[in-house]
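Below: one structure, written as structure tokens.
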Amino acid sequence: MDLIVNGGKPLSGTIIPSGNKNSALPLVCATLLTDEPVTLHNVPDITDIAKIVAFMTRQGSRIDWDKAAGTMRLDHGAFKNELVNHELPQDMRSTVLLYPALLRRVKKIVIPANATGCSLGVREIDPHLEILAKLGAVIDESEPLVIALPDGFRAARHWGDYMSVTVTENFLMAAALADGESTLINAASEPHVQDLCAALTLMGAQIEGAGTSMLRVRGVKKLNGCTARISSDYHEIVTFLALGAITGGEIRVEKSLPQHFDLITRAFAKLGVTIEHEGTTAIVRRNQSLVIEEPYTTNLLAKIEAAPWPYFSVDLLPLMVALATRARGTVHFWNKVYENGFSWIPELAKFGAHILVSDPHRITLFGSKPLRPAIVDAPYIIRATIALYMVAASIPGRSMVKNADTIRRAHPRFVENLQTLGAEVEWK
Ligand SMILES: CC(=O)N[C@H]1[C@@H](OP(=O)(O)OP(=O)(O)OC[C@H]2O[C@@H](n3ccc(=O)[nH]c3=O)[C@H](O)[C@@H]2O)O[C@H](CO)[C@@H](O)[C@@H]1O
Ligand SMILES: C=C(OP(=O)(O)O)C(=O)O
């Protein structure tokens with residue numbers, strides 16, 4: 001579906017963000033590690049979650065999802081210990097998060113070729129196979145790849161090549177039920193990884209080091225049911241603040257997470273935007289200066305660089321790129337993670353933005369150039385699609401972001417939320 005945008009109006013109002021997709025997905029997958037019922041609050045009504053729920057339901061799980069209340073009760077007591085069909089959910093990275101629980105339950109799984117997620121980059125499967133093998137899985141290198149878990153998970157020490165979010169989450173889930181103490185060095189520490197640590201702890205797991213790059217897990221025999229809450233989506237909080245700034249409106253986002261915002265606030269400041277926090281409400285006031293900060297060091301440009309947490313998040317980078325098209329000055333963006341992180345820049349240029357792509361990881365953006373409405377194609381990258389919408393929303397006239405459905409993978413009621421802020425936008 002396409003987004004039809006009549007831009008140029010300031011967006012103002014108050015938003016309550018939904019739950020973070022990247023917290024909700026590992027938490028829903030972790031519930032499969034126990035036969036006791038688990039209740040999750042603040043579950044976002046998004047297509048990635050719907051796909052996992054459909055898979056679990058086909059396997060016999062009982063799942064009651066009150067979408068309006070955001071509450072989900074999962075009971076895997078009747079989950080069949082053979083796969084009904086061997087198709088795992090498609091076109092989403094989080095399918096990999098089913099591996100630890102499925103290995104325990106069905107002992108052998110075929111790895112789908114397309115657990116690749118969005119098109120930000122090649123999404124490697126090797127680090128997943130490596131960690132699962134360390135923890136006791138056996139990889140059969142036939143075509144297609146098959147992983148088996150003949151004797152349950154066993155404890156291990158592993159030092160990953162890099163801080164991978166889903167590899168760390170798979171380590172936590174497998175090690176929680178391994179026989180002994182496991183260690184992961186070079187672990188990811190994103191807020192969603194911290195959420196999974198907290199939820200597994202409520203289920204009885206013994207985890208030390210949550211939020212750091214070294215995790216220690218003492219395996220337990222069994223995990224129990226619990227009630228856990230999914231955190232507000234910081235991607236959504238940043239999206240709405242950036243939308244206020246780019247359109248010149250005033251937006252307040254409630255249930256924000258100020259403890260995660262130091263560097264995010266700093267990135268906004270580099271683009272001439274002040275973000276205020278009143279308790280758990282984040283605020284962008286109307287008519288921000290949108291002047292890019294100049295470093296004191298000569299011959300340097302303002303720079304926003306994204307890398308694994310606690311660096312600025314790669315998933316937020318497109319939102320800052322969009323904002324910079326309206327800011328006066330020049331800024332350098334560096335995506336240290338994904339080799340296709342800027343593949344959508346030619347679409348942004350269709351609005352008239354001036355951007356020099358230095359290499360697949362780095363761009364220089366010359367801001368405040370005259371922009372015009374355009375018809376652009378969305379990439380299969382959630383926040384790059386939102387970034388294209390943001391720019392369209394800031395330009396008077398009718399633009400179209402084609403094939404923008406990818407937004408629904410992570411953001412429920414996105415268009416409805418925009419409309420409450422006064423946006424003229426609709427799905428077609
Ligand atoms: C469901 C989920 O939670 N998805 C998120 C998760 O995906 P995911 O867990 O797939 O992302 P990883 O952290 O594994 O990183 C993705 C890719 O980036 C490359 N890489 C990453 C880090 C690094 O230091 N060096 C490096 O080369 C690797 O090729 C890797 O395959 O984390 C990504 C990085 O925050 C986010 O974009 C995704 O939204
Ligand atoms: C990259 C993302 O998701 P996935 O890892 O599922 O592709 C994302 O949420 O931006």
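Ordered as shown in the structure tokens, chains take letters A, B, and onward, while each chain numbers its residues from 1 and ligands are numbered from 1 in the order shown.
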
Apply DSSP to the backbone of this structure and, from stretch 172-237 of chain A, keep only the residues in strand (DSSP E); write these as a compact mmCIF listing (two decimals) with C-alpha atoms, in the first residue's frame.
```
# COMPACT_ATOMS: atom_id res chain seq x y z
CA GLU A 181 27.17 -21.31 33.90
CA SER A 182 27.52 -19.71 30.47
CA THR A 183 29.28 -16.49 29.54
CA LEU A 184 28.88 -14.25 26.51
CA ILE A 185 31.57 -11.64 25.90
CA GLN A 206 19.64 -16.32 36.58
CA ILE A 207 21.29 -13.58 34.58
CA GLU A 208 24.10 -11.20 35.54
CA MET A 214 29.39 -9.36 29.32
CA LEU A 215 26.52 -11.63 30.28
CA ARG A 216 26.71 -14.53 32.73
CA VAL A 217 23.82 -16.97 32.90
CA ARG A 218 23.50 -19.80 35.42
CA THR A 227 3.64 -11.34 33.83
CA ALA A 228 5.96 -8.99 31.96
CA ARG A 229 5.66 -5.61 30.28
```

Proximity of chain A to ligand 2: per-residue shortest pair, 6 Å limit, only C-alpha atoms and all ligand atoms, as a Markdown table:
```
| residue | atom | partner | partner_atom_place_in_ligand_line | distance |
| --- | --- | --- | --- | --- |
| A:Met92 | CA | ligand 2 | 6 (O) | 4.9 |
| A:Arg93 | CA | ligand 2 | 6 (O) | 4.3 |
| A:Ser94 | CA | ligand 2 | 6 (O) | 5.7 |
| A:Gly117 | CA | ligand 2 | 7 (O) | 3.3 |
| A:Cys118 | CA | ligand 2 | 7 (O) | 3.7 |
| A:Asp315 | CA | ligand 2 | 10 (O) | 5.2 |
| A:Ile382 | CA | ligand 2 | 10 (O) | 5.1 |
```

Hey, can you spit out that residue selection with N, CA and C atoms as an mmCIF file, in the first residue's frame?
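Listed below is the output, out_2.cif:
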```
data_model
loop_
_atom_site.group_PDB
_atom_site.id
_atom_site.type_symbol
_atom_site.label_atom_id
_atom_site.label_comp_id
_atom_site.auth_asym_id
_atom_site.auth_seq_id
_atom_site.Cartn_x
_atom_site.Cartn_y
_atom_site.Cartn_z
ATOM 1 N N MET A 92 11.088 -12.011 8.137
ATOM 2 C CA MET A 92 11.313 -11.230 9.354
ATOM 3 C C MET A 92 12.500 -11.838 10.088
ATOM 4 N N ARG A 93 13.352 -10.976 10.566
ATOM 5 C CA ARG A 93 14.559 -11.437 11.227
ATOM 6 C C ARG A 93 14.246 -12.255 12.469
ATOM 7 N N SER A 94 13.168 -11.879 13.149
ATOM 8 C CA SER A 94 12.902 -12.472 14.458
ATOM 9 C C SER A 94 12.576 -13.947 14.411
ATOM 10 N N GLY A 117 14.994 -10.535 7.591
ATOM 11 C CA GLY A 117 14.530 -9.217 8.032
ATOM 12 C C GLY A 117 14.581 -8.224 6.900
ATOM 13 N N CYS A 118 14.718 -6.951 7.272
ATOM 14 C CA CYS A 118 14.670 -5.905 6.263
ATOM 15 C C CYS A 118 15.948 -5.908 5.440
ATOM 16 N N ASP A 315 18.945 1.934 13.777
ATOM 17 C CA ASP A 315 17.551 1.997 13.317
ATOM 18 C C ASP A 315 16.984 3.419 13.400
ATOM 19 N N ILE A 382 12.121 -0.296 7.693
ATOM 20 C CA ILE A 382 10.994 0.354 8.382
ATOM 21 C C ILE A 382 11.214 1.860 8.548
#
```

Exercise. Might you pull out every residue within 6 Å of stretch 162-174 of chain A, with only C-alpha atoms counted and same-chain residues fewer than 3 positions away left off, and present them as an MDAnalysis selection string?
Key: chainID A and resid 100 128 177 186:188

Quiz item: Which residues, written as a PyMOL selection string, have at least one atom at most 12 Å from A:His76, with only C-alpha atoms counted and residues fewer than 6 positions away on the same chain left out?
Solution: chain A and resi 28-39+53+55-64+101-102+105+224-225

Filtering to N, CA and C atoms, could you give me those residues as a PDB file, in the first residue's frame?
```pdb
ATOM      1  N   VAL A  28       7.902 -12.670  23.198  1.00  0.00           N
ATOM      2  CA  VAL A  28       6.900 -13.659  22.767  1.00  0.00           C
ATOM      3  C   VAL A  28       7.599 -14.998  22.496  1.00  0.00           C
ATOM      4  N   CYS A  29       8.771 -14.963  21.854  1.00  0.00           N
ATOM      5  CA  CYS A  29       9.490 -16.219  21.572  1.00  0.00           C
ATOM      6  C   CYS A  29       9.955 -16.884  22.874  1.00  0.00           C
ATOM      7  N   ALA A  30      10.355 -16.085  23.867  1.00  0.00           N
ATOM      8  CA  ALA A  30      10.825 -16.654  25.142  1.00  0.00           C
ATOM      9  C   ALA A  30       9.709 -17.364  25.893  1.00  0.00           C
ATOM     10  N   THR A  31       8.467 -16.960  25.662  1.00  0.00           N
ATOM     11  CA  THR A  31       7.370 -17.621  26.390  1.00  0.00           C
ATOM     12  C   THR A  31       7.295 -19.106  26.021  1.00  0.00           C
ATOM     13  N   LEU A  32       7.850 -19.448  24.857  1.00  0.00           N
ATOM     14  CA  LEU A  32       7.826 -20.843  24.392  1.00  0.00           C
ATOM     15  C   LEU A  32       8.824 -21.716  25.164  1.00  0.00           C
ATOM     16  N   LEU A  33       9.605 -21.078  26.053  1.00  0.00           N
ATOM     17  CA  LEU A  33      10.550 -21.853  26.871  1.00  0.00           C
ATOM     18  C   LEU A  33       9.872 -22.462  28.089  1.00  0.00           C
ATOM     19  N   THR A  34       8.590 -22.111  28.322  1.00  0.00           N
ATOM     20  CA  THR A  34       7.870 -22.673  29.474  1.00  0.00           C
ATOM     21  C   THR A  34       6.498 -23.182  29.046  1.00  0.00           C
ATOM     22  N   ASP A  35       6.005 -24.155  29.830  1.00  0.00           N
ATOM     23  CA  ASP A  35       4.633 -24.647  29.590  1.00  0.00           C
ATOM     24  C   ASP A  35       3.631 -23.893  30.452  1.00  0.00           C
ATOM     25  N   GLU A  36       4.143 -23.035  31.341  1.00  0.00           N
ATOM     26  CA  GLU A  36       3.220 -22.287  32.205  1.00  0.00           C
ATOM     27  C   GLU A  36       2.746 -21.031  31.473  1.00  0.00           C
ATOM     28  N   PRO A  37       1.522 -20.565  31.747  1.00  0.00           N
ATOM     29  CA  PRO A  37       1.025 -19.373  31.054  1.00  0.00           C
ATOM     30  C   PRO A  37       1.856 -18.119  31.370  1.00  0.00           C
ATOM     31  N   VAL A  38       2.000 -17.294  30.367  1.00  0.00           N
ATOM     32  CA  VAL A  38       2.709 -16.019  30.524  1.00  0.00           C
ATOM     33  C   VAL A  38       1.779 -14.912  30.032  1.00  0.00           C
ATOM     34  N   THR A  39       1.750 -13.812  30.758  1.00  0.00           N
ATOM     35  CA  THR A  39       0.959 -12.659  30.301  1.00  0.00           C
ATOM     36  C   THR A  39       1.907 -11.515  29.963  1.00  0.00           C
ATOM     37  N   VAL A  53       2.541 -15.275  16.251  1.00  0.00           N
ATOM     38  CA  VAL A  53       1.358 -15.798  16.951  1.00  0.00           C
ATOM     39  C   VAL A  53       0.654 -16.830  16.067  1.00  0.00           C
ATOM     40  N   PHE A  55       1.976 -18.752  13.833  1.00  0.00           N
ATOM     41  CA  PHE A  55       2.800 -19.971  13.842  1.00  0.00           C
ATOM     42  C   PHE A  55       2.563 -20.757  15.136  1.00  0.00           C
ATOM     43  N   MET A  56       2.588 -20.066  16.278  1.00  0.00           N
ATOM     44  CA  MET A  56       2.431 -20.757  17.568  1.00  0.00           C
ATOM     45  C   MET A  56       1.034 -21.384  17.674  1.00  0.00           C
ATOM     46  N   THR A  57       0.040 -20.664  17.174  1.00  0.00           N
ATOM     47  CA  THR A  57      -1.337 -21.163  17.246  1.00  0.00           C
ATOM     48  C   THR A  57      -1.483 -22.429  16.395  1.00  0.00           C
ATOM     49  N   ARG A  58      -0.861 -22.421  15.206  1.00  0.00           N
ATOM     50  CA  ARG A  58      -0.886 -23.623  14.346  1.00  0.00           C
ATOM     51  C   ARG A  58      -0.278 -24.823  15.061  1.00  0.00           C
ATOM     52  N   GLN A  59       0.686 -24.536  15.928  1.00  0.00           N
ATOM     53  CA  GLN A  59       1.373 -25.626  16.645  1.00  0.00           C
ATOM     54  C   GLN A  59       0.595 -26.091  17.878  1.00  0.00           C
ATOM     55  N   GLY A  60      -0.534 -25.420  18.200  1.00  0.00           N
ATOM     56  CA  GLY A  60      -1.346 -25.864  19.340  1.00  0.00           C
ATOM     57  C   GLY A  60      -1.344 -24.927  20.533  1.00  0.00           C
ATOM     58  N   SER A  61      -0.553 -23.858  20.491  1.00  0.00           N
ATOM     59  CA  SER A  61      -0.529 -22.927  21.632  1.00  0.00           C
ATOM     60  C   SER A  61      -1.876 -22.220  21.736  1.00  0.00           C
ATOM     61  N   ARG A  62      -2.248 -21.873  22.967  1.00  0.00           N
ATOM     62  CA  ARG A  62      -3.468 -21.058  23.164  1.00  0.00           C
ATOM     63  C   ARG A  62      -3.028 -19.634  23.433  1.00  0.00           C
ATOM     64  N   ILE A  63      -3.433 -18.742  22.545  1.00  0.00           N
ATOM     65  CA  ILE A  63      -2.999 -17.349  22.703  1.00  0.00           C
ATOM     66  C   ILE A  63      -4.211 -16.430  22.657  1.00  0.00           C
ATOM     67  N   ASP A  64      -4.423 -15.708  23.754  1.00  0.00           N
ATOM     68  CA  ASP A  64      -5.512 -14.719  23.780  1.00  0.00           C
ATOM     69  C   ASP A  64      -4.866 -13.351  23.708  1.00  0.00           C
ATOM     70  N   ALA A 101      13.869 -22.204  21.668  1.00  0.00           N
ATOM     71  CA  ALA A 101      12.697 -22.903  22.224  1.00  0.00           C
ATOM     72  C   ALA A 101      12.281 -24.054  21.309  1.00  0.00           C
ATOM     73  N   LEU A 102      12.355 -23.854  19.991  1.00  0.00           N
ATOM     74  CA  LEU A 102      11.968 -24.946  19.084  1.00  0.00           C
ATOM     75  C   LEU A 102      12.929 -26.112  19.204  1.00  0.00           C
ATOM     76  N   ARG A 105      11.938 -28.096  22.069  1.00  0.00           N
ATOM     77  CA  ARG A 105      10.644 -28.772  21.964  1.00  0.00           C
ATOM     78  C   ARG A 105      10.621 -29.816  20.856  1.00  0.00           C
ATOM     79  N   ASN A 224       9.505 -20.632  34.635  1.00  0.00           N
ATOM     80  CA  ASN A 224       8.088 -20.588  35.023  1.00  0.00           C
ATOM     81  C   ASN A 224       7.333 -19.479  34.290  1.00  0.00           C
ATOM     82  N   GLY A 225       6.023 -19.463  34.471  1.00  0.00           N
ATOM     83  CA  GLY A 225       5.202 -18.403  33.891  1.00  0.00           C
ATOM     84  C   GLY A 225       5.456 -17.088  34.616  1.00  0.00           C
TER      85      GLY A 225
END
```

Report as a short mmCIF file (atom, residue, chain, number, x, y, z; two decimals) with C-alpha atoms, in the first residue's frame all protein, DNA and RNA residues lying within 8 Å of A:Val110, evaluated on only C-alpha atoms, omitting residues in the same chain fewer than 5 positions from it.
```cif
data_model
loop_
_atom_site.label_atom_id
_atom_site.label_comp_id
_atom_site.auth_asym_id
_atom_site.auth_seq_id
_atom_site.Cartn_x
_atom_site.Cartn_y
_atom_site.Cartn_z
CA HIS A 86 8.24 -26.86 8.39
CA PRO A 144 18.82 -26.91 3.47
CA LEU A 145 20.66 -26.49 6.76
CA VAL A 146 19.28 -28.50 9.68
CA ILE A 147 20.04 -27.90 13.38
#
```

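Atom CA of A:Glu416 lies 12.7 Å from atom CA of A:Gly13.
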
Compile a residue-level contact table for stretch 169-281 of chain A against stretch 17-20 of chain A at a cut-off of 9 Å, reporting for every qualifying residue the shortest atom pair and its distance in Å to one decimal, with only C-alpha atoms counted, rows ordered by chain and ascending number, as CSV.
```
residue,atom,partner,partner_atom,distance
A:His192,CA,A:Asn20,CA,7.6
A:Arg229,CA,A:Gly19,CA,8.8
A:Ile230,CA,A:Gly19,CA,5.6
A:Ser231,CA,A:Gly19,CA,5.5
A:Ser232,CA,A:Gly19,CA,4.5
A:Asp233,CA,A:Asn20,CA,3.8
A:Tyr234,CA,A:Asn20,CA,7.0
A:His235,CA,A:Asn20,CA,7.6
A:Glu236,CA,A:Pro17,CA,6.1
A:Ile237,CA,A:Pro17,CA,6.2
A:Phe240,CA,A:Pro17,CA,8.9
A:Val253,CA,A:Pro17,CA,7.0
A:Glu254,CA,A:Pro17,CA,7.1
A:Lys255,CA,A:Pro17,CA,7.0
A:Ser256,CA,A:Pro17,CA,7.8
```

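Using only C-alpha atoms and all ligand atoms, the shortest contact distance between ligand 1 and any of A:Lys350, A:Arg123, A:His332, A:Lys222 is found at A:Arg123.
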
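Between atom CA of A:Leu300 and atom CA of A:Val321 lies a distance of 18.1 Å.
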
Quiz item: Out of stretch 168-347 of chain A, which residues get helix (DSSP H, G or I) from DSSP, as a VMD selection string?
Solution: chain A and resid 168 to 175 191 to 202 234 to 247 258 to 260 262 to 270 314 to 324 345 to 347

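The neighbours of A:His277 here are the residues that come within 9 Å of it, using only C-alpha atoms and leaving out any residue fewer than 3 positions away in the same chain; they are Ser256, Pro258, Thr280, Thr281, Ala282 and Ile283 of chain A.
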
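Of the listed residues (A:Ile292, A:Phe153, A:Arg104, A:Ala392), A:Arg104 comes nearest to A:Phe79; the distances count only C-alpha atoms.
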
Practice problem: Point out the residue among A:His260, A:His411, A:Lys21, A:Arg398 with the least atom-to-atom distance to ligand 1, counting only C-alpha atoms and all ligand atoms. | Solution: A:Lys21

Self-check item: Residue nearest A:Gly341 among A:Ile131, A:Glu143, A:Leu120, A:Thr201 (counting only C-alpha atoms)
Solution: A:Leu120

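When only C-alpha atoms and all ligand atoms are used to measure the gap to ligand 1, the shortest distance among A:Leu263, A:Ala269, A:Ala384, A:Ile375 belongs to A:Ala384.
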
Practice problem: Would you list the contacts of A:Asp2 as a PyMOL selection string, taking every protein, DNA or RNA residue within 12 Å and counting only C-alpha atoms, but skipping same-chain residues closer than 2 positions in sequence? | Solution: chain A and resi 4-5+375-378+385+388-389+399-407+415+425-428

Atoms to include: C-alpha atoms. Write the selected residues as a PDB file, in the first residue's frame.
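File written: result09.pdb
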```pdb
ATOM      1  CA  ILE A   4      -0.598   9.657   0.173  1.00  0.00           C
ATOM      2  CA  VAL A   5       0.703  12.781   1.881  1.00  0.00           C
ATOM      3  CA  ILE A 375       6.576  10.128  -5.708  1.00  0.00           C
ATOM      4  CA  VAL A 376       9.119   7.834  -4.061  1.00  0.00           C
ATOM      5  CA  ASP A 377       9.497   4.078  -3.596  1.00  0.00           C
ATOM      6  CA  ALA A 378       9.846   2.824  -0.023  1.00  0.00           C
ATOM      7  CA  THR A 385      10.224   4.404   4.896  1.00  0.00           C
ATOM      8  CA  LEU A 388      10.675   9.389   3.394  1.00  0.00           C
ATOM      9  CA  TYR A 389       7.251  10.123   4.899  1.00  0.00           C
ATOM     10  CA  SER A 399       3.653  13.397  -2.305  1.00  0.00           C
ATOM     11  CA  MET A 400       3.388   9.645  -2.387  1.00  0.00           C
ATOM     12  CA  VAL A 401       5.491   7.010  -0.591  1.00  0.00           C
ATOM     13  CA  LYS A 402       4.858   3.820  -2.540  1.00  0.00           C
ATOM     14  CA  ASN A 403       4.809   0.371  -0.914  1.00  0.00           C
ATOM     15  CA  ALA A 404       5.074   1.779   2.597  1.00  0.00           C
ATOM     16  CA  ASP A 405       3.419  -1.229   4.308  1.00  0.00           C
ATOM     17  CA  THR A 406       6.704  -2.154   5.939  1.00  0.00           C
ATOM     18  CA  ILE A 407       5.818   0.485   8.578  1.00  0.00           C
ATOM     19  CA  VAL A 415      -1.450   6.839  10.168  1.00  0.00           C
ATOM     20  CA  VAL A 425      -2.060  11.410   5.210  1.00  0.00           C
ATOM     21  CA  GLU A 426      -3.818   8.202   4.226  1.00  0.00           C
ATOM     22  CA  TRP A 427      -3.213   4.673   2.970  1.00  0.00           C
ATOM     23  CA  LYS A 428      -4.211   3.997  -0.652  1.00  0.00           C
TER      24      LYS A 428
END
```

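You will find atom CA of A:Ala353 at 20.7 Å from atom CA of A:Tyr380.
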
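Residue nearest ligand 1, chosen from A:Asn22, A:Ser368, A:Asn287, A:Asn6 and counting only C-alpha atoms and all ligand atoms: A:Asn22.
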